[in-house]
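Student: Quick one: the structure is below, questions incoming.
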Amino acid sequence: MENFVAAIYYLLLIFFALIFEVVCWAFIFKKFNEKWWKIFIPFYNFYIVFKSITGNGFEFLIFLIPLFFLPVSPTVVFMLSLILVFYSMFQLSVVFGFKGADAVAFTVGLTIITPVFLGILAFSKREYVGVKVDEGI
């Protein structure tokens, strides 16, 4: 009986953490000057996030690359996925004005305890700076 109660508490914790993440993403989308309800549209929400953090919305398709390595090695898939998550979280940190070591530290926080650091981005006074576009030489 104790294990059942613990499992129920754990499921409730996960449920409320997911609800909190959805609310955080809604506020982050508002900072991107996008409508909050767009977070519920599959694939289009990734397009908006990547358009806002990298300038190219179709860059979210790079997350499909690890799937091609699945028959070869699950370890390779895990490592590629981890690299891609770090890349996207770093870009998210940068477009909210973090630089240098602060961006790296915030990226680690976003990757490890995502709900907490998404809450910091969503509810803090940090503004969306936008993507810096290099104009070449």
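Identifiers in the structure tokens: chain A, B, ... in order shown; residue index from 1 per chain; ligand index from 1 in order shown.
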Would you mind listing what lies within 6 Å of region 120-135 of chain A as a PyMOL selection string, with only C-alpha atoms counted and same-chain residues fewer than 5 positions away left out?
Tutor: chain A and resi 24+27-28+31+95-96
Student: Applying 8 Å and only C-alpha atoms, which residues near Ala103 (chain A) remain after dropping the ones on its own chain fewer than 4 positions away? List them as a list in words.
Tutor: Phe90, Ser93, Val94, Phe98, Lys99 and Thr107 of chain A
Student: List as CSV every residue of region 12-61 of chain A that is in contact with region 73-87 of chain A, defined as an atom at most 12 Å from one of its atoms (using only C-alpha atoms), together with the nearest atom pair and the distance in Å rounded to one decimal, sorted by chain and then rising number.
Tutor:
```
residue,atom,partner,partner_atom,distance
A:Phe50,CA,A:Tyr87,CA,11.0
A:Ile53,CA,A:Tyr87,CA,10.4
A:Thr54,CA,A:Tyr87,CA,10.2
A:Glu59,CA,A:Leu84,CA,10.7
A:Phe60,CA,A:Leu84,CA,9.6
A:Leu61,CA,A:Leu84,CA,10.8
```
Student: Can you tell me, as a compact mmCIF listing (two decimals) with C-alpha atoms, in the first residue's frame, what residues are no more than 12 Å from Lys35 (chain A) when counting only C-alpha atoms, ignoring any on the same chain fewer than 6 positions away?
Tutor:
```
# COMPACT_ATOMS: atom_id res chain seq x y z
CA TRP A 25 6.11 28.06 -22.37
CA ALA A 26 2.94 30.14 -22.80
CA PHE A 27 4.65 33.09 -21.11
CA ILE A 28 7.84 32.53 -23.12
CA PHE A 29 5.79 32.52 -26.34
CA ILE A 41 0.11 22.75 -32.19
CA ASN A 45 5.49 24.98 -31.78
CA ILE A 48 8.27 28.88 -33.65
```
Student: Mind listing the helix (DSSP H, G or I) residues of chain A, per DSSP on the backbone, as an MDAnalysis selection string?
Tutor: chainID A and resid 2:31 36:40 44:54 57:68 74:95 100:112 114:123
Student: Provide the CA of Val108 (chain A) to CA of Ile65 (chain A) distance in Å, to one decimal place.
Tutor: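 CA of Val108 (chain A) sits 22.5 Å away from CA of Ile65 (chain A).
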